[in-house]
Every structure is written in C-alpha cells, then in structure tokens.
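Visitor: Sharing a structure with you now.
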Amino acid sequence: MNEQLTRPTRHGDALPARRELRSAHLDRALSWSDFRTAVRYDPANRLLLAVPAISAKHAEHPWLGEATAPHTRIGVGEMYRRDFERGGVYWSERTGAHEVHGLIAKHWQAVGAEASFLGFPTTDEQPLRASESGARIAGGFAHFEGGSIYWTPVHGPAIVYGMVRDIWALLGWERSPLGMPVGDVELDPESGLLHGEFEHGRVEWSSSTGPVVVIGAGESLPGAGRDTLDRIQPDFAPGA
C-alpha cells in the first residue's frame with residue numbers, strides 16, 4: 001500500500017513535460033496551436049489577451065495585408081507582435097495593440113524599436129492636423145512611450161522627445177509657429193542640453209537654463225506662445 005501512495009501517477013509524470021512544452025512555445029514564434037494550448041493549460045498567459053487584441057487591430061487596418069509570421073513573443077516580458085505585409089502590430093498590457101508602418105516603423109526600428117528609449121507605440125499612425133488656414137499638412141505621426149515620431153515627405157521622419165517635445169506640444173505641435181521637426185532631437189551628454197531643430201526655429205532645454213525657443217532669424221516667440229513659456233519654470237521637467 002505504501003508503494004501505491006508514493007508512486008507518481010501517469011498524470012503527474014506528464015506535468016513537467018507540459019511545462020517544458022509551454023516554455024518552448026514562448027521561446028519561438030507562436031502559432032494558433034500554441035494559442036489553443038495556452039487556453040487549455042495556462043489561463044494566466046497574456047497570449048490570451050494579445051492574440052485577440054492584435055487581430056482586432058488588424059481588422060481596423062486591413063490595408064496591412066496578410067500576416068507574414070505567427071504571433072511572436074518579444075524579449076522576456078509578456079509582450080507580442082505580429083508582422084504583416086505592410087507593417088506590424090505590437091501589443092503590451094500597458095499600451096494595448098497599435099500598428100506601426102512605413103517611414104515611422106523604419107525610423108523606430110533603426111534606433112532599436114521597442115528596446116529603445118521610445119518603447120512601445122501608444123497610438124497608431126495619425127495624419128497631421130490641418131493648418132490654421134485649413135490646408136492639409138502632408139505627413140503623419142505616432143506617439144510612443146518615450147517620445148514621438150513625426151514625418152513629412154519633405155523632411156522625412158524625426159524623433160521628438162523629452163522637454164523639447166513637451167515645449168513643442170504646449171505651443172501647438174505641428175500647428176505652432178515652429179512648424180514640423182526637421183531632424184531628431186539631440187542630447188549633449190556633458191551639458192544635459194536637449195536641442196531640436198524645426199522648420200521655423202529651434203527649441204533648447206536644460207535643467208540649468210530652462211526653455212529656450214527661437215523663431216526664424218533670432219526672433220523671439222510671439223504672442224500666446226511667449227506667454228506659455230513665461231509660465232514654465234526653469235526646473236520644469238517632462239511628465240511621466
């Protein structure tokens with residue numbers, strides 16, 4: 001009788017093998033078979049949230065085309081992506097599912113994609129707002145956890161982040177007197193100075209000098225924009 005009590009059951013013997021199988025699934029691209037396995041054996045697996053969210057986002061943007069790869073786990077976290085013919089959809093529990101494509105996707109991937117300081121996308125690509133005169137501005141943008149990427153056919157894609165992005169946002173984004181960014185915001189590691197060039201001027205910020213905005217050939221920011229900057233203290237820092 002003691003032997004019967006201590007002898008592992010056939011069902012118990014199978015459990016480690018099942019755990020190994022699930023672990024192997026998470027180390028490679030995930031298929032529909034993996035999804036069904038997760039449903040059956042691991043209801044806490046975030047794949048159960050990622051697959052329907054990515055599918056719903058693809059349904060919103062059918063122009064992405066057919067899938068070119070299964071759902072793939074990213075890094076060591078519960079984050080997933082799926083590649084399509086004309087872009088990709090990325091999902092994390094903190095950001096949800098968002099598509100990335102075209103020039104924005106290429107620029108994001110060039111700096112390290114989700115592993116970079118930009119992190120995961122927090123919006124799909126959006127069209128630029130019309131100018132105050134009502135004229136449409138060609139181009140688009142997408143926001144990420146650590147900044148934004150804006151692009152136009154003339155200037156290409158540009159990363160805007162940190163205090164430069166926040167000041168530009170306060171002034172009206174692409175409809176501000178500065179216009180569109182013409183290059184990535186740069187950081188001087190020695191001085192801590194953030195510097196961004198725009199169509200009609202530049203924005204600088206450091207913890208020691210505060211915000212500096214120059215429009216055109218050395219002109220100061222006019223009107224409401226100047227009043228906005230006057231309300232920003234030198235130690236004002238980007239929000240979380």
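In the structure tokens, chains take the letters A, B, ... in the order shown, each chain's residues start at 1, and ligands count up from 1 in the order shown.
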Fewer than 3 positions away in the same chain doesn't count, so skip those; otherwise give me all residues within 8 Å of range 174-185 of chain A, counting only C-alpha atoms, as a ChimeraX atom specification.
Guide: /A:128-132,150,155-161,164,168,171,194-202,215,221
Visitor: Need the shell around Leu118 in chain A: protein/DNA/RNA residues with any atom at most 7 Å away, counting only C-alpha atoms. Skip same-chain ones fewer than 3 positions apart. Format as a PyMOL selection string?
Guide: chain A and resi 114+144-147
Visitor: Under the rule that only C-alpha atoms are counted, which of A:Ile137, A:Val154, A:Ala59, A:Val203 is the nearest residue to Asp166 in chain A?
Guide: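 Checking each candidate against Asp166 in chain A, we get A:Val203 as the closest.
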Visitor: At a cut-off of 12 Å, using only C-alpha atoms, what residues contact Glu60 in chain A? Leave out same-chain residues fewer than 2 positions from it and give the result as a list in words.
Guide: Ala53, Ile54, Ser55, Ala56, Lys57, His58, Pro62, Trp63, Leu64, Gly65, Val89, Ala97, His98, Glu99 and Asp124 of chain A
Visitor: Hey, can you spit out that residue selection with N, CA, C and O atoms as a tab-separated table (two decimals), in the first residue's frame?
Guide:
```
chain	number	residue	atom	x	y	z
A	53	ALA	N	-6.44	40.99	-29.33
A	53	ALA	CA	-6.20	42.42	-29.47
A	53	ALA	C	-5.47	42.73	-30.78
A	53	ALA	O	-5.81	43.69	-31.48
A	54	ILE	N	-4.47	41.93	-31.11
A	54	ILE	CA	-3.75	42.12	-32.37
A	54	ILE	C	-4.67	41.86	-33.56
A	54	ILE	O	-4.65	42.59	-34.56
A	55	SER	N	-5.51	40.83	-33.45
A	55	SER	CA	-6.44	40.51	-34.53
A	55	SER	C	-7.44	41.65	-34.74
A	55	SER	O	-7.77	42.01	-35.87
A	56	ALA	N	-7.93	42.23	-33.63
A	56	ALA	CA	-8.88	43.34	-33.74
A	56	ALA	C	-8.23	44.56	-34.37
A	56	ALA	O	-8.85	45.26	-35.19
A	57	LYS	N	-6.98	44.83	-34.02
A	57	LYS	CA	-6.27	45.97	-34.61
A	57	LYS	C	-6.05	45.74	-36.10
A	57	LYS	O	-6.19	46.67	-36.91
A	58	HIS	N	-5.71	44.53	-36.47
A	58	HIS	CA	-5.55	44.23	-37.90
A	58	HIS	C	-6.86	44.42	-38.64
A	58	HIS	O	-6.88	44.90	-39.78
A	62	PRO	N	-7.20	46.84	-42.47
A	62	PRO	CA	-7.00	45.71	-43.40
A	62	PRO	C	-5.94	45.96	-44.45
A	62	PRO	O	-5.42	45.02	-45.06
A	63	TRP	N	-5.58	47.23	-44.69
A	63	TRP	CA	-4.53	47.55	-45.67
A	63	TRP	C	-3.16	47.03	-45.24
A	63	TRP	O	-2.23	46.99	-46.04
A	64	LEU	N	-3.02	46.60	-43.97
A	64	LEU	CA	-1.77	46.00	-43.54
A	64	LEU	C	-1.47	44.72	-44.31
A	64	LEU	O	-0.32	44.30	-44.40
A	65	GLY	N	-2.50	44.11	-44.87
A	65	GLY	CA	-2.31	42.91	-45.67
A	65	GLY	C	-2.30	41.63	-44.86
A	65	GLY	O	-2.68	41.62	-43.68
A	89	VAL	N	1.85	44.90	-35.92
A	89	VAL	CA	1.02	45.27	-34.77
A	89	VAL	C	1.74	44.79	-33.52
A	89	VAL	O	2.12	43.62	-33.42
A	97	ALA	N	-2.76	47.31	-28.19
A	97	ALA	CA	-2.28	46.94	-29.52
A	97	ALA	C	-2.30	48.16	-30.44
A	97	ALA	O	-3.31	48.87	-30.50
A	98	HIS	N	-1.18	48.40	-31.15
A	98	HIS	CA	-1.09	49.52	-32.09
A	98	HIS	C	-0.25	49.11	-33.29
A	98	HIS	O	0.71	48.35	-33.17
A	99	GLU	N	-0.63	49.63	-34.46
A	99	GLU	CA	0.11	49.32	-35.68
A	99	GLU	C	1.24	50.33	-35.89
A	99	GLU	O	1.16	51.48	-35.47
A	124	ASP	N	-1.74	54.39	-33.01
A	124	ASP	CA	-1.48	54.07	-34.41
A	124	ASP	C	-0.92	55.33	-35.08
A	124	ASP	O	-0.94	56.42	-34.50
```
Visitor: Check the smallest atom-to-atom distance from each of A:Gly119, A:Gly77, A:Gly96, A:Pro211 to Arg165 in chain A using only C-alpha atoms, then report the winner.
Guide: A:Pro211
Visitor: Show me, as number ranges by chain, the residues that have an atom within 7 Å of Gly139 in chain A when counting only C-alpha atoms, minus same-chain residues fewer than 5 positions from it.
Guide: A: 127-128, 151-153
Visitor: Put those residues in a file: N, CA and C atoms, as a PDB file, in the first residue's frame.
Guide:
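Printed below is part-v8.pdb as written:
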```pdb
ATOM      1  N   PRO A 127      -2.778  61.074 -39.103  1.00  0.00           N
ATOM      2  CA  PRO A 127      -2.460  62.149 -40.050  1.00  0.00           C
ATOM      3  C   PRO A 127      -2.192  63.443 -39.307  1.00  0.00           C
ATOM      4  N   LEU A 128      -1.361  64.306 -39.890  1.00  0.00           N
ATOM      5  CA  LEU A 128      -1.103  65.605 -39.298  1.00  0.00           C
ATOM      6  C   LEU A 128      -2.362  66.459 -39.343  1.00  0.00           C
ATOM      7  N   TRP A 151       6.666  62.778 -39.376  1.00  0.00           N
ATOM      8  CA  TRP A 151       7.298  62.748 -40.693  1.00  0.00           C
ATOM      9  C   TRP A 151       6.495  63.575 -41.690  1.00  0.00           C
ATOM     10  N   THR A 152       7.224  64.102 -42.668  1.00  0.00           N
ATOM     11  CA  THR A 152       6.621  64.733 -43.842  1.00  0.00           C
ATOM     12  C   THR A 152       7.418  64.270 -45.057  1.00  0.00           C
ATOM     13  N   PRO A 153       6.839  64.346 -46.248  1.00  0.00           N
ATOM     14  CA  PRO A 153       7.587  63.967 -47.452  1.00  0.00           C
ATOM     15  C   PRO A 153       8.836  64.819 -47.660  1.00  0.00           C
TER      16      PRO A 153
END
```
Visitor: Nearest to Phe120 in chain A among A:Ala138, A:Ala67, A:His101, A:Thr95, with distances taken over only C-alpha atoms: which residue is it?
Guide: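 Closest candidate: A:Thr95.
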Visitor: Which residue is closest to Trp173 in chain A? Choose from A:Ser148, A:Gln109, A:Ser191, A:Thr209 and count only C-alpha atoms.
Guide: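 Ranking A:Ser148, A:Gln109, A:Ser191, A:Thr209 by distance to Trp173 in chain A, first place goes to A:Ser148.
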Visitor: Just give me the gap between CA of Gly172 in chain A and CA of His107 in chain A in Å, one decimal is fine.
Guide: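 Value for the CA of Gly172 in chain A-CA of His107 in chain A distance: 23.5 Å.
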